[in-house]
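Asks: So I've got this file, upload_15.cif, and it contains mmCIF, C-alpha atoms and all ligand atoms:
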```
data_structure
#
loop_
_atom_site.group_PDB
_atom_site.id
_atom_site.type_symbol
_atom_site.label_atom_id
_atom_site.label_comp_id
_atom_site.auth_asym_id
_atom_site.auth_seq_id
_atom_site.Cartn_x
_atom_site.Cartn_y
_atom_site.Cartn_z
ATOM 1 C CA MET A 1 236.216 -103.312 154.757
ATOM 2 C CA GLN A 2 234.109 -100.133 154.422
ATOM 3 C CA ASP A 3 233.056 -98.774 157.827
ATOM 4 C CA ASN A 4 230.010 -96.813 156.704
ATOM 5 C CA LYS A 5 228.282 -99.654 154.848
ATOM 6 C CA ILE A 6 225.803 -102.228 156.126
ATOM 7 C CA VAL A 7 226.917 -104.699 153.479
ATOM 8 C CA GLN A 8 230.598 -105.258 154.136
ATOM 9 C CA CYS A 9 232.829 -106.614 151.362
ATOM 10 C CA GLU A 10 236.225 -108.062 152.155
ATOM 11 C CA VAL A 11 238.455 -109.457 149.424
ATOM 12 C CA ALA A 12 241.257 -111.928 150.076
ATOM 13 C CA ASP A 13 242.885 -114.519 147.824
ATOM 14 C CA GLY A 14 240.498 -113.735 144.970
ATOM 15 C CA MET A 15 237.405 -114.347 147.146
ATOM 16 C CA MET A 16 234.933 -111.714 148.265
ATOM 17 C CA ILE A 17 233.199 -112.217 151.600
ATOM 18 C CA ILE A 18 229.948 -110.264 151.541
ATOM 19 C CA THR A 19 228.589 -109.815 155.074
ATOM 20 C CA ILE A 20 225.184 -108.302 155.781
ATOM 21 C CA ASN A 21 225.957 -106.453 158.968
ATOM 22 C CA ARG A 22 222.764 -105.458 160.795
ATOM 23 C CA PRO A 23 222.733 -108.042 163.568
ATOM 24 C CA GLU A 24 220.532 -105.941 165.878
ATOM 25 C CA LYS A 25 217.733 -106.410 163.330
ATOM 26 C CA LEU A 26 218.803 -109.959 162.459
ATOM 27 C CA ASN A 27 220.257 -108.614 159.185
ATOM 28 C CA ALA A 28 216.779 -107.880 157.776
ATOM 29 C CA LEU A 29 216.810 -106.581 154.204
ATOM 30 C CA ASN A 30 215.920 -102.908 154.098
ATOM 31 C CA GLU A 31 216.393 -100.683 151.049
ATOM 32 C CA ASP A 32 220.003 -99.807 151.939
ATOM 33 C CA VAL A 33 220.913 -103.474 152.318
ATOM 34 C CA LEU A 34 219.356 -104.324 148.949
ATOM 35 C CA ASN A 35 221.138 -101.428 147.221
ATOM 36 C CA GLU A 36 224.493 -102.276 148.780
ATOM 37 C CA LEU A 37 224.069 -105.955 147.972
ATOM 38 C CA ASN A 38 223.417 -104.947 144.379
ATOM 39 C CA GLU A 39 226.609 -102.856 144.344
ATOM 40 C CA ALA A 40 228.602 -105.771 145.786
ATOM 41 C CA ILE A 41 227.422 -108.120 143.026
ATOM 42 C CA ILE A 42 228.244 -105.528 140.337
ATOM 43 C CA LEU A 43 231.745 -105.152 141.806
ATOM 44 C CA LEU A 44 232.208 -108.932 141.979
ATOM 45 C CA ASN A 45 231.413 -109.320 138.289
ATOM 46 C CA LYS A 46 233.410 -106.266 137.205
ATOM 47 C CA GLU A 47 236.656 -106.882 139.046
ATOM 48 C CA ASP A 48 238.818 -109.466 137.250
ATOM 49 C CA SER A 49 240.887 -110.237 140.333
ATOM 50 C CA ILE A 50 237.797 -111.418 142.265
ATOM 51 C CA LYS A 51 236.837 -114.950 141.245
ATOM 52 C CA GLY A 52 233.924 -115.746 143.540
ATOM 53 C CA ALA A 53 231.973 -114.722 146.618
ATOM 54 C CA ILE A 54 230.381 -115.948 149.816
ATOM 55 C CA ILE A 55 227.322 -114.195 151.240
ATOM 56 C CA THR A 56 226.787 -114.463 154.992
ATOM 57 C CA GLY A 57 225.214 -112.590 157.898
ATOM 58 C CA ALA A 58 226.886 -110.851 160.838
ATOM 59 C CA GLY A 59 226.513 -112.334 164.298
ATOM 60 C CA GLU A 60 225.702 -115.852 165.393
ATOM 61 C CA LYS A 61 221.937 -115.648 165.275
ATOM 62 C CA ALA A 62 220.879 -114.758 161.769
ATOM 63 C CA PHE A 63 221.863 -115.019 158.142
ATOM 64 C CA VAL A 64 218.934 -112.779 157.169
ATOM 65 C CA ALA A 65 215.563 -112.839 158.979
ATOM 66 C CA GLY A 66 213.686 -111.562 155.941
ATOM 67 C CA ALA A 67 212.676 -108.359 154.266
ATOM 68 C CA ASP A 68 212.496 -105.507 156.758
ATOM 69 C CA ILE A 69 208.945 -105.748 158.048
ATOM 70 C CA ALA A 70 209.191 -102.443 159.915
ATOM 71 C CA GLY A 71 208.538 -100.382 156.789
ATOM 72 C CA PHE A 72 205.576 -102.429 155.517
ATOM 73 C CA LEU A 73 202.763 -100.544 157.258
ATOM 74 C CA LYS A 74 204.014 -97.144 156.083
ATOM 75 C CA ALA A 75 204.366 -98.265 152.457
ATOM 76 C CA PRO A 76 201.559 -97.347 150.024
ATOM 77 C CA ASN A 77 199.122 -100.208 149.241
ATOM 78 C CA GLU A 78 200.213 -100.250 145.626
ATOM 79 C CA SER A 79 203.963 -100.434 146.335
ATOM 80 C CA GLY A 80 204.182 -104.188 146.916
ATOM 81 C CA LYS A 81 204.684 -105.186 143.308
ATOM 82 C CA LEU A 82 207.551 -102.731 142.844
ATOM 83 C CA LEU A 83 209.162 -103.873 146.093
ATOM 84 C CA ALA A 84 209.028 -107.470 144.901
ATOM 85 C CA GLN A 85 210.379 -106.587 141.449
ATOM 86 C CA LYS A 86 213.345 -104.769 142.950
ATOM 87 C CA GLY A 87 214.295 -107.705 145.185
ATOM 88 C CA GLN A 88 213.701 -110.170 142.352
ATOM 89 C CA ALA A 89 216.006 -108.248 140.006
ATOM 90 C CA ILE A 90 218.861 -108.160 142.535
ATOM 91 C CA PHE A 91 218.475 -111.834 143.411
ATOM 92 C CA LEU A 92 218.373 -112.689 139.694
ATOM 93 C CA SER A 93 221.685 -110.879 139.262
ATOM 94 C CA ILE A 94 223.103 -113.124 141.998
ATOM 95 C CA GLU A 95 221.766 -116.255 140.284
ATOM 96 C CA GLN A 96 223.108 -115.075 136.914
ATOM 97 C CA SER A 97 226.471 -113.897 138.234
ATOM 98 C CA THR A 98 229.242 -115.209 136.006
ATOM 99 C CA LYS A 99 231.274 -115.857 139.159
ATOM 100 C CA PRO A 100 230.277 -118.427 141.774
ATOM 101 C CA ILE A 101 228.378 -117.214 144.839
ATOM 102 C CA ILE A 102 227.827 -119.461 147.867
ATOM 103 C CA ALA A 103 225.466 -118.655 150.740
ATOM 104 C CA ALA A 104 227.032 -119.451 154.133
ATOM 105 C CA ILE A 105 223.949 -119.546 156.341
ATOM 106 C CA ASN A 106 224.900 -118.850 159.935
ATOM 107 C CA GLY A 107 221.455 -118.658 161.568
ATOM 108 C CA TYR A 108 217.890 -117.672 160.609
ATOM 109 C CA ALA A 109 217.296 -117.665 156.847
ATOM 110 C CA LEU A 110 213.655 -116.629 156.786
ATOM 111 C CA GLY A 111 211.528 -115.032 154.091
ATOM 112 C CA GLY A 112 213.805 -112.840 151.974
ATOM 113 C CA GLY A 113 216.759 -114.468 153.745
ATOM 114 C CA CYS A 114 215.799 -117.911 152.501
ATOM 115 C CA GLU A 115 215.134 -116.367 149.077
ATOM 116 C CA LEU A 116 218.550 -114.700 149.076
ATOM 117 C CA ALA A 117 220.199 -118.006 149.985
ATOM 118 C CA MET A 118 218.303 -119.770 147.189
ATOM 119 C CA SER A 119 219.448 -117.222 144.628
ATOM 120 C CA CYS A 120 223.061 -118.169 145.404
ATOM 121 C CA HIS A 121 224.573 -121.019 143.393
ATOM 122 C CA PHE A 122 224.496 -123.318 146.415
ATOM 123 C CA ARG A 123 224.311 -123.215 150.185
ATOM 124 C CA THR A 124 226.207 -124.303 153.290
ATOM 125 C CA ALA A 125 224.821 -123.812 156.790
ATOM 126 C CA SER A 126 225.677 -123.978 160.464
ATOM 127 C CA GLU A 127 223.930 -126.471 162.752
ATOM 128 C CA ASN A 128 221.818 -123.727 164.364
ATOM 129 C CA ALA A 129 220.447 -122.379 161.054
ATOM 130 C CA LYS A 130 216.693 -122.236 160.512
ATOM 131 C CA PHE A 131 214.916 -121.930 157.195
ATOM 132 C CA GLY A 132 211.421 -120.891 156.264
ATOM 133 C CA GLN A 133 209.074 -118.710 154.262
ATOM 134 C CA PRO A 134 206.920 -117.303 157.089
ATOM 135 C CA GLU A 135 205.310 -114.564 154.968
ATOM 136 C CA ILE A 136 201.924 -116.309 155.232
ATOM 137 C CA ASN A 137 201.942 -115.426 158.951
ATOM 138 C CA LEU A 138 201.983 -111.758 157.901
ATOM 139 C CA GLY A 139 199.177 -112.295 155.407
ATOM 140 C CA ILE A 140 201.488 -112.061 152.408
ATOM 141 C CA ILE A 141 203.506 -114.403 150.203
ATOM 142 C CA PRO A 142 207.199 -114.645 149.257
ATOM 143 C CA GLY A 143 208.064 -111.888 146.779
ATOM 144 C CA TYR A 144 211.794 -112.187 146.117
ATOM 145 C CA GLY A 145 211.597 -115.370 144.051
ATOM 146 C CA GLY A 146 210.622 -117.834 146.799
ATOM 147 C CA THR A 147 207.610 -119.298 145.005
ATOM 148 C CA GLN A 148 209.804 -119.931 141.953
ATOM 149 C CA ARG A 149 213.105 -121.173 143.410
ATOM 150 C CA LEU A 150 211.890 -123.203 146.401
ATOM 151 C CA PRO A 151 209.877 -125.718 144.306
ATOM 152 C CA LYS A 152 212.799 -126.125 141.923
ATOM 153 C CA ILE A 153 215.150 -126.898 144.805
ATOM 154 C CA ILE A 154 213.007 -129.025 147.153
ATOM 155 C CA GLY A 155 210.070 -130.050 144.916
ATOM 156 C CA LYS A 156 206.606 -128.621 144.422
ATOM 157 C CA GLY A 157 204.805 -130.446 147.237
ATOM 158 C CA ARG A 158 207.359 -129.596 149.911
ATOM 159 C CA ALA A 159 207.501 -125.968 148.720
ATOM 160 C CA MET A 160 203.696 -125.711 148.799
ATOM 161 C CA GLU A 161 203.691 -127.008 152.375
ATOM 162 C CA MET A 162 206.525 -124.765 153.591
ATOM 163 C CA ILE A 163 205.071 -121.633 152.015
ATOM 164 C CA MET A 164 201.446 -122.365 152.983
ATOM 165 C CA THR A 165 202.214 -123.329 156.599
ATOM 166 C CA GLY A 166 205.038 -120.823 157.131
ATOM 167 C CA LYS A 167 206.764 -123.487 159.209
ATOM 168 C CA THR A 168 210.474 -123.275 159.950
ATOM 169 C CA ILE A 169 212.846 -126.192 159.414
ATOM 170 C CA ASP A 170 216.286 -126.845 160.907
ATOM 171 C CA SER A 171 219.582 -127.527 159.129
ATOM 172 C CA ALA A 172 219.244 -131.307 159.356
ATOM 173 C CA GLU A 173 215.887 -131.215 157.559
ATOM 174 C CA ALA A 174 217.110 -128.591 155.073
ATOM 175 C CA PHE A 175 220.019 -130.897 154.261
ATOM 176 C CA SER A 176 217.772 -133.931 153.895
ATOM 177 C CA ILE A 177 215.558 -132.174 151.321
ATOM 178 C CA GLY A 178 218.454 -130.676 149.347
ATOM 179 C CA LEU A 179 217.993 -127.049 150.352
ATOM 180 C CA ILE A 180 221.580 -126.934 151.625
ATOM 181 C CA ASN A 181 224.632 -128.937 150.576
ATOM 182 C CA HIS A 182 226.540 -129.099 153.871
ATOM 183 C CA VAL A 183 225.972 -128.612 157.599
ATOM 184 C CA CYS A 184 228.927 -127.426 159.743
ATOM 185 C CA LYS A 185 229.599 -126.335 163.278
ATOM 186 C CA GLN A 186 229.048 -122.581 163.396
ATOM 187 C CA GLU A 187 232.716 -121.819 164.122
ATOM 188 C CA GLU A 188 233.745 -123.856 161.061
ATOM 189 C CA LEU A 189 231.169 -122.504 158.604
ATOM 190 C CA MET A 190 233.288 -119.795 156.990
ATOM 191 C CA SER A 191 236.499 -121.817 156.752
ATOM 192 C CA TYR A 192 234.613 -124.789 155.315
ATOM 193 C CA THR A 193 232.731 -122.651 152.786
ATOM 194 C CA THR A 194 235.910 -120.802 151.848
ATOM 195 C CA SER A 195 237.656 -124.109 151.188
ATOM 196 C CA ILE A 196 234.905 -125.085 148.732
ATOM 197 C CA LEU A 197 235.085 -121.719 146.962
ATOM 198 C CA LYS A 198 238.873 -121.974 146.825
ATOM 199 C CA THR A 199 238.589 -125.312 145.012
ATOM 200 C CA ILE A 200 236.200 -123.737 142.503
ATOM 201 C CA ILE A 201 238.214 -120.600 141.778
ATOM 202 C CA GLU A 202 241.305 -122.653 141.002
ATOM 203 C CA LYS A 203 239.443 -124.070 137.978
ATOM 204 C CA SER A 204 239.072 -122.298 134.651
ATOM 205 C CA THR A 205 237.186 -119.037 135.244
ATOM 206 C CA ILE A 206 235.608 -119.223 131.794
ATOM 207 C CA ALA A 207 234.483 -122.819 132.285
ATOM 208 C CA ILE A 208 232.940 -121.969 135.690
ATOM 209 C CA ALA A 209 230.983 -119.100 134.095
ATOM 210 C CA GLN A 210 229.727 -121.475 131.374
ATOM 211 C CA ILE A 211 228.662 -124.034 134.019
ATOM 212 C CA ILE A 212 226.583 -121.396 135.820
ATOM 213 C CA LYS A 213 224.942 -120.255 132.578
ATOM 214 C CA SER A 214 224.280 -123.790 131.408
ATOM 215 C CA ILE A 215 222.862 -125.101 134.694
ATOM 216 C CA ASN A 216 220.678 -122.002 135.038
ATOM 217 C CA ALA A 217 219.306 -122.808 131.577
ATOM 218 C CA SER A 218 218.181 -126.237 132.844
ATOM 219 C CA GLU A 219 215.306 -124.512 134.628
ATOM 220 C CA GLY A 220 213.559 -123.297 131.482
ATOM 221 C CA ASP A 221 212.612 -124.898 128.191
ATOM 222 C CA GLU A 222 214.456 -128.226 127.700
ATOM 223 C CA VAL A 223 215.410 -127.567 124.064
ATOM 224 C CA VAL A 224 216.815 -124.167 124.992
ATOM 225 C CA GLY A 225 218.668 -125.804 127.893
ATOM 226 C CA TYR A 226 220.480 -128.308 125.673
ATOM 227 C CA GLU A 227 221.183 -125.608 123.095
ATOM 228 C CA THR A 228 222.642 -123.382 125.845
ATOM 229 C CA GLU A 229 224.792 -126.253 127.077
ATOM 230 C CA ALA A 230 226.184 -126.788 123.571
ATOM 231 C CA ILE A 231 226.955 -123.074 123.187
ATOM 232 C CA CYS A 232 228.588 -122.950 126.641
ATOM 233 C CA PHE A 233 230.581 -126.105 125.887
ATOM 234 C CA GLY A 234 231.721 -124.418 122.667
ATOM 235 C CA GLU A 235 232.838 -121.339 124.592
ATOM 236 C CA ALA A 236 234.895 -123.432 127.014
ATOM 237 C CA PHE A 237 236.245 -125.682 124.234
ATOM 238 C CA LYS A 238 237.981 -122.863 122.402
ATOM 239 C CA THR A 239 239.883 -121.462 125.404
ATOM 240 C CA ASP A 240 243.551 -121.669 126.325
ATOM 241 C CA ASP A 241 242.316 -123.157 129.606
ATOM 242 C CA MET A 242 241.004 -126.189 127.683
ATOM 243 C CA LYS A 243 244.372 -126.606 125.980
ATOM 244 C CA GLU A 244 246.124 -126.284 129.342
ATOM 245 C CA GLY A 245 243.724 -128.696 131.117
ATOM 246 C CA VAL A 246 244.022 -131.400 128.461
ATOM 247 C CA THR A 247 247.793 -130.930 128.048
ATOM 248 C CA ALA A 248 248.282 -131.129 131.821
ATOM 249 C CA PHE A 249 246.256 -134.360 131.933
ATOM 250 C CA LEU A 250 248.322 -135.893 129.144
ATOM 251 C CA GLU A 251 251.557 -134.729 130.793
ATOM 252 C CA LYS A 252 250.335 -136.093 134.166
ATOM 253 C CA ARG A 253 250.636 -132.751 135.960
ATOM 254 C CA LYS A 254 248.273 -130.293 137.686
ATOM 255 C CA PRO A 255 246.785 -127.731 135.279
ATOM 256 C CA VAL A 256 247.485 -124.045 135.806
ATOM 257 C CA PHE A 257 244.528 -122.068 134.525
ATOM 258 C CA LYS A 258 244.603 -118.374 133.599
ATOM 259 C CA LYS A 259 244.044 -115.995 136.516
HETATM 260 N N1 LIG A 301 212.261 -107.124 159.724
HETATM 261 C C1 LIG A 301 212.537 -106.147 160.602
HETATM 262 N N2 LIG A 301 213.009 -106.362 161.832
HETATM 263 C C2 LIG A 301 213.223 -107.644 162.189
HETATM 264 C C3 LIG A 301 212.961 -108.729 161.320
HETATM 265 C C4 LIG A 301 212.465 -108.433 160.042
HETATM 266 N N3 LIG A 301 212.209 -109.380 159.137
HETATM 267 N N4 LIG A 301 213.255 -109.882 161.975
HETATM 268 C C5 LIG A 301 213.706 -109.520 163.185
HETATM 269 N N5 LIG A 301 213.678 -108.169 163.326
HETATM 270 C C6 LIG A 301 214.070 -107.383 164.492
HETATM 271 C C7 LIG A 301 213.062 -107.468 165.630
HETATM 272 O O1 LIG A 301 211.997 -106.583 165.394
HETATM 273 C C8 LIG A 301 213.922 -107.094 166.820
HETATM 274 O O2 LIG A 301 214.101 -105.711 166.803
HETATM 275 P P1 LIG A 301 213.964 -104.890 168.206
HETATM 276 O O3 LIG A 301 215.018 -105.475 169.110
HETATM 277 O O4 LIG A 301 214.236 -103.462 167.825
HETATM 278 O O5 LIG A 301 212.587 -105.146 168.709
HETATM 279 C C9 LIG A 301 215.260 -107.722 166.470
HETATM 280 O O6 LIG A 301 215.261 -107.902 165.054
HETATM 281 C C10 LIG A 301 215.481 -109.070 167.118
HETATM 282 O O7 LIG A 301 214.397 -109.914 166.750
HETATM 283 P P2 LIG A 301 213.483 -110.687 167.834
HETATM 284 O O8 LIG A 301 212.163 -110.970 167.203
HETATM 285 O O9 LIG A 301 213.468 -109.939 169.133
HETATM 286 O O10 LIG A 301 214.337 -112.024 168.018
HETATM 287 P P3 LIG A 301 213.780 -113.442 168.467
HETATM 288 O O11 LIG A 301 214.977 -114.271 168.749
HETATM 289 O O12 LIG A 301 212.765 -113.309 169.520
HETATM 290 O O13 LIG A 301 213.030 -114.029 167.170
HETATM 291 C C11 LIG A 301 212.778 -114.511 164.813
HETATM 292 C C12 LIG A 301 213.752 -114.298 165.994
HETATM 293 C C13 LIG A 301 213.622 -114.641 163.544
HETATM 294 C C14 LIG A 301 211.962 -115.792 165.031
HETATM 295 C C15 LIG A 301 211.851 -113.287 164.718
HETATM 296 O O14 LIG A 301 212.634 -112.096 164.747
HETATM 297 C C16 LIG A 301 211.001 -113.257 163.493
HETATM 298 O O15 LIG A 301 210.038 -114.009 163.386
HETATM 299 N N6 LIG A 301 211.337 -112.356 162.514
HETATM 300 C C17 LIG A 301 210.535 -112.142 161.339
HETATM 301 C C18 LIG A 301 210.703 -113.256 160.334
HETATM 302 C C19 LIG A 301 209.813 -113.024 159.123
HETATM 303 O O16 LIG A 301 208.603 -113.030 159.217
HETATM 304 N N7 LIG A 301 210.441 -112.829 157.982
HETATM 305 C C20 LIG A 301 209.752 -112.613 156.733
HETATM 306 C C21 LIG A 301 209.570 -111.180 156.479
HETATM 307 S S1 LIG A 301 208.649 -110.862 154.989
#
```
Would you mind giving the structure from this file in structure tokens?
Ligand code: COA

Replies:
Amino acid sequence: MQDNKIVQCEVADGMMIITINRPEKLNALNEDVLNELNEAIILLNKEDSIKGAIITGAGEKAFVAGADIAGFLKAPNESGKLLAQKGQAIFLSIEQSTKPIIAAINGYALGGGCELAMSCHFRTASENAKFGQPEINLGIIPGYGGTQRLPKIIGKGRAMEMIMTGKTIDSAEAFSIGLINHVCKQEELMSYTTSILKTIIEKSTIAIAQIIKSINASEGDEVVGYETEAICFGEAFKTDDMKEGVTAFLEKRKPVFKK
């Protein structure tokens, strides 16, 4: 745990817990938070001993209540595009991380917070969580990938409605439309999410990386998607982990994959 950082990274048992720690501002994403989040993702992918991560927010009220609105009025008129591109690039690096990243949503996930959660590989949430893209209420639109990821996750019509109305939905509705995979009591959110990540990191690291790459490719051109799947399958097929997994099955024992 680094005391002087807003984005706190704790590593235990091969899992990195990334906590955005600005609860007095509902963990809103200012420049420091974005930069530190970027550093955390670089570290995750560089460090062999870390196999996956969970992103969450500090406190019981918010995951992330959006981009930091406070700086908007001072920013030059022409700076919006650059601001969006910076956030997009960091969130893309989360989506394309070779190691699994789960969002554990412990409260408000609004605007950039919802976009951050959607850039993770999947999402769990506490019962009190709230989701939305309220940018329209500020006269703007989502800029950190929300118009691209939300329709892919919940469908075009629902995404149009959420983004055009700016309305907020609760965890039950988010679950029913596939925005989140699980709803937990707040006090159980981290242990439940950690148990899912633990299951994943016990699998073959190389195969997990190929799953991420292959599923991400399903969102583009279909021919490229199938081609990517074949390449990723080929990468997994030639590993010692494949030999271990198949041998363990035939020997009726639990596989032990490389760490
Ligand atoms: N950017 C900057 N500061 C934010 C913020 C954001 N996105 N969201 C909340 N905050 C700050 C508030 O300004 C307040 O700071 P203050 O105590 O110094 O005044 C603090 O966090 C607590 O928020 P507050 O609004 O008092 O809490 P609430 O419980 O009344 O309302 C929300 C919670 C989430 C409904 C409300 O904060 C909100 O609507 N936030 C903005 C959401 C948004 O539009 N996000 C998209 C941004 S592009």

Asks: For Gly57 of chain A, which of A:Glu135, A:Glu24, A:Glu39, A:Asp32 is the closest residue, counting only C-alpha atoms?

Replies: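 The answer is A:Glu24, which sits nearest to Gly57 of chain A.
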
Asks: Rounded to one decimal in Å, what is the spacing between atom CA of Cys120 of chain A and atom O4 of ligand LIG 301 (chain A)?

Replies: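 Atom O4 of ligand LIG 301 (chain A) lies at a distance of 28.2 Å from atom CA of Cys120 of chain A.
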
Asks: How would you write, as an mmCIF file with C-alpha atoms, in the coordinates of the input, the set of residues no farther than 10 Å from ligand LIG 301 (chain A) when counting only C-alpha atoms and all ligand atoms?

Replies:
```
data_model
loop_
_atom_site.group_PDB
_atom_site.id
_atom_site.type_symbol
_atom_site.label_atom_id
_atom_site.label_comp_id
_atom_site.auth_asym_id
_atom_site.auth_seq_id
_atom_site.Cartn_x
_atom_site.Cartn_y
_atom_site.Cartn_z
ATOM 1 C CA ARG A 22 222.764 -105.458 160.795
ATOM 2 C CA PRO A 23 222.733 -108.042 163.568
ATOM 3 C CA GLU A 24 220.532 -105.941 165.878
ATOM 4 C CA LYS A 25 217.733 -106.410 163.330
ATOM 5 C CA LEU A 26 218.803 -109.959 162.459
ATOM 6 C CA ASN A 27 220.257 -108.614 159.185
ATOM 7 C CA ALA A 28 216.779 -107.880 157.776
ATOM 8 C CA LEU A 29 216.810 -106.581 154.204
ATOM 9 C CA ASN A 30 215.920 -102.908 154.098
ATOM 10 C CA LYS A 61 221.937 -115.648 165.275
ATOM 11 C CA ALA A 62 220.879 -114.758 161.769
ATOM 12 C CA PHE A 63 221.863 -115.019 158.142
ATOM 13 C CA VAL A 64 218.934 -112.779 157.169
ATOM 14 C CA ALA A 65 215.563 -112.839 158.979
ATOM 15 C CA GLY A 66 213.686 -111.562 155.941
ATOM 16 C CA ALA A 67 212.676 -108.359 154.266
ATOM 17 C CA ASP A 68 212.496 -105.507 156.758
ATOM 18 C CA ILE A 69 208.945 -105.748 158.048
ATOM 19 C CA ALA A 70 209.191 -102.443 159.915
ATOM 20 C CA GLY A 71 208.538 -100.382 156.789
ATOM 21 C CA PHE A 72 205.576 -102.429 155.517
ATOM 22 C CA GLY A 107 221.455 -118.658 161.568
ATOM 23 C CA TYR A 108 217.890 -117.672 160.609
ATOM 24 C CA ALA A 109 217.296 -117.665 156.847
ATOM 25 C CA LEU A 110 213.655 -116.629 156.786
ATOM 26 C CA GLY A 111 211.528 -115.032 154.091
ATOM 27 C CA GLY A 112 213.805 -112.840 151.974
ATOM 28 C CA GLY A 113 216.759 -114.468 153.745
ATOM 29 C CA CYS A 114 215.799 -117.911 152.501
ATOM 30 C CA LYS A 130 216.693 -122.236 160.512
ATOM 31 C CA PHE A 131 214.916 -121.930 157.195
ATOM 32 C CA GLY A 132 211.421 -120.891 156.264
ATOM 33 C CA GLN A 133 209.074 -118.710 154.262
ATOM 34 C CA PRO A 134 206.920 -117.303 157.089
ATOM 35 C CA GLU A 135 205.310 -114.564 154.968
ATOM 36 C CA ILE A 136 201.924 -116.309 155.232
ATOM 37 C CA ASN A 137 201.942 -115.426 158.951
ATOM 38 C CA LEU A 138 201.983 -111.758 157.901
ATOM 39 C CA GLY A 139 199.177 -112.295 155.407
ATOM 40 C CA ILE A 140 201.488 -112.061 152.408
ATOM 41 C CA ILE A 141 203.506 -114.403 150.203
ATOM 42 C CA PRO A 142 207.199 -114.645 149.257
ATOM 43 C CA GLY A 143 208.064 -111.888 146.779
ATOM 44 C CA TYR A 144 211.794 -112.187 146.117
ATOM 45 C CA GLY A 166 205.038 -120.823 157.131
ATOM 46 C CA THR A 168 210.474 -123.275 159.950
#
```

Asks: For Glu188 of chain A, which of A:Ile163, A:Ala104, A:Gly146, A:Asp170 is the closest residue, counting only C-alpha atoms?

Replies: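 Using only C-alpha atoms, Glu188 of chain A sits closest to A:Ala104.
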
Asks: Would you work out the distance separating atom CA of Ala129 of chain A from atom CA of Ile169 of chain A, expressed in Å to one decimal?

Replies: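 Pair atom CA of Ala129 of chain A / atom CA of Ile169 of chain A returns 8.7 Å.
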
Asks: Report as a compact mmCIF listing (two decimals) with C-alpha atoms, in the frame of the given file the residues that result from applying the PyMOL selection byres (((chain A and resi 241) around 12) and not hetatm) to the structure here.

Replies:
```
# COMPACT_ATOMS: atom_id res chain seq x y z
CA GLU A 202 241.30 -122.65 141.00
CA LYS A 203 239.44 -124.07 137.98
CA SER A 204 239.07 -122.30 134.65
CA THR A 205 237.19 -119.04 135.24
CA ILE A 206 235.61 -119.22 131.79
CA ALA A 207 234.48 -122.82 132.28
CA ILE A 208 232.94 -121.97 135.69
CA GLU A 235 232.84 -121.34 124.59
CA ALA A 236 234.90 -123.43 127.01
CA PHE A 237 236.24 -125.68 124.23
CA LYS A 238 237.98 -122.86 122.40
CA THR A 239 239.88 -121.46 125.40
CA ASP A 240 243.55 -121.67 126.32
CA MET A 242 241.00 -126.19 127.68
CA LYS A 243 244.37 -126.61 125.98
CA GLU A 244 246.12 -126.28 129.34
CA GLY A 245 243.72 -128.70 131.12
CA VAL A 246 244.02 -131.40 128.46
CA THR A 247 247.79 -130.93 128.05
CA ALA A 248 248.28 -131.13 131.82
CA PRO A 255 246.78 -127.73 135.28
CA VAL A 256 247.48 -124.04 135.81
CA PHE A 257 244.53 -122.07 134.52
CA LYS A 258 244.60 -118.37 133.60
CA LYS A 259 244.04 -116.00 136.52
```

Asks: Atom CA of Ser79 of chain A and atom CA of Gln148 of chain A are how many Å apart?

Replies: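 The value is 20.8 Å.
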
Asks: For segment 242-251 of chain A, supply N, CA and C atoms and format the output as a PDB file, in the coordinates of the input.

Replies:
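New file selection.pdb:
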```pdb
ATOM      1  N   MET A 242     241.253-124.815 128.137  1.00  0.00           N
ATOM      2  CA  MET A 242     241.004-126.189 127.683  1.00  0.00           C
ATOM      3  C   MET A 242     242.314-126.819 127.224  1.00  0.00           C
ATOM      4  N   LYS A 243     243.089-126.056 126.479  1.00  0.00           N
ATOM      5  CA  LYS A 243     244.372-126.606 125.980  1.00  0.00           C
ATOM      6  C   LYS A 243     245.281-126.944 127.167  1.00  0.00           C
ATOM      7  N   GLU A 244     245.299-126.050 128.161  1.00  0.00           N
ATOM      8  CA  GLU A 244     246.124-126.284 129.342  1.00  0.00           C
ATOM      9  C   GLU A 244     245.616-127.501 130.131  1.00  0.00           C
ATOM     10  N   GLY A 245     244.296-127.588 130.342  1.00  0.00           N
ATOM     11  CA  GLY A 245     243.724-128.696 131.117  1.00  0.00           C
ATOM     12  C   GLY A 245     244.010-130.039 130.484  1.00  0.00           C
ATOM     13  N   VAL A 246     243.816-130.123 129.164  1.00  0.00           N
ATOM     14  CA  VAL A 246     244.022-131.400 128.461  1.00  0.00           C
ATOM     15  C   VAL A 246     245.521-131.728 128.400  1.00  0.00           C
ATOM     16  N   THR A 247     246.338-130.702 128.108  1.00  0.00           N
ATOM     17  CA  THR A 247     247.793-130.930 128.048  1.00  0.00           C
ATOM     18  C   THR A 247     248.310-131.409 129.405  1.00  0.00           C
ATOM     19  N   ALA A 248     247.837-130.753 130.474  1.00  0.00           N
ATOM     20  CA  ALA A 248     248.282-131.129 131.821  1.00  0.00           C
ATOM     21  C   ALA A 248     247.886-132.577 132.129  1.00  0.00           C
ATOM     22  N   PHE A 249     246.685-132.965 131.705  1.00  0.00           N
ATOM     23  CA  PHE A 249     246.256-134.360 131.933  1.00  0.00           C
ATOM     24  C   PHE A 249     247.191-135.316 131.211  1.00  0.00           C
ATOM     25  N   LEU A 250     247.469-135.001 129.941  1.00  0.00           N
ATOM     26  CA  LEU A 250     248.322-135.893 129.144  1.00  0.00           C
ATOM     27  C   LEU A 250     249.760-135.906 129.678  1.00  0.00           C
ATOM     28  N   GLU A 251     250.187-134.797 130.234  1.00  0.00           N
ATOM     29  CA  GLU A 251     251.557-134.729 130.793  1.00  0.00           C
ATOM     30  C   GLU A 251     251.590-135.154 132.258  1.00  0.00           C
TER      31      GLU A 251
END
```
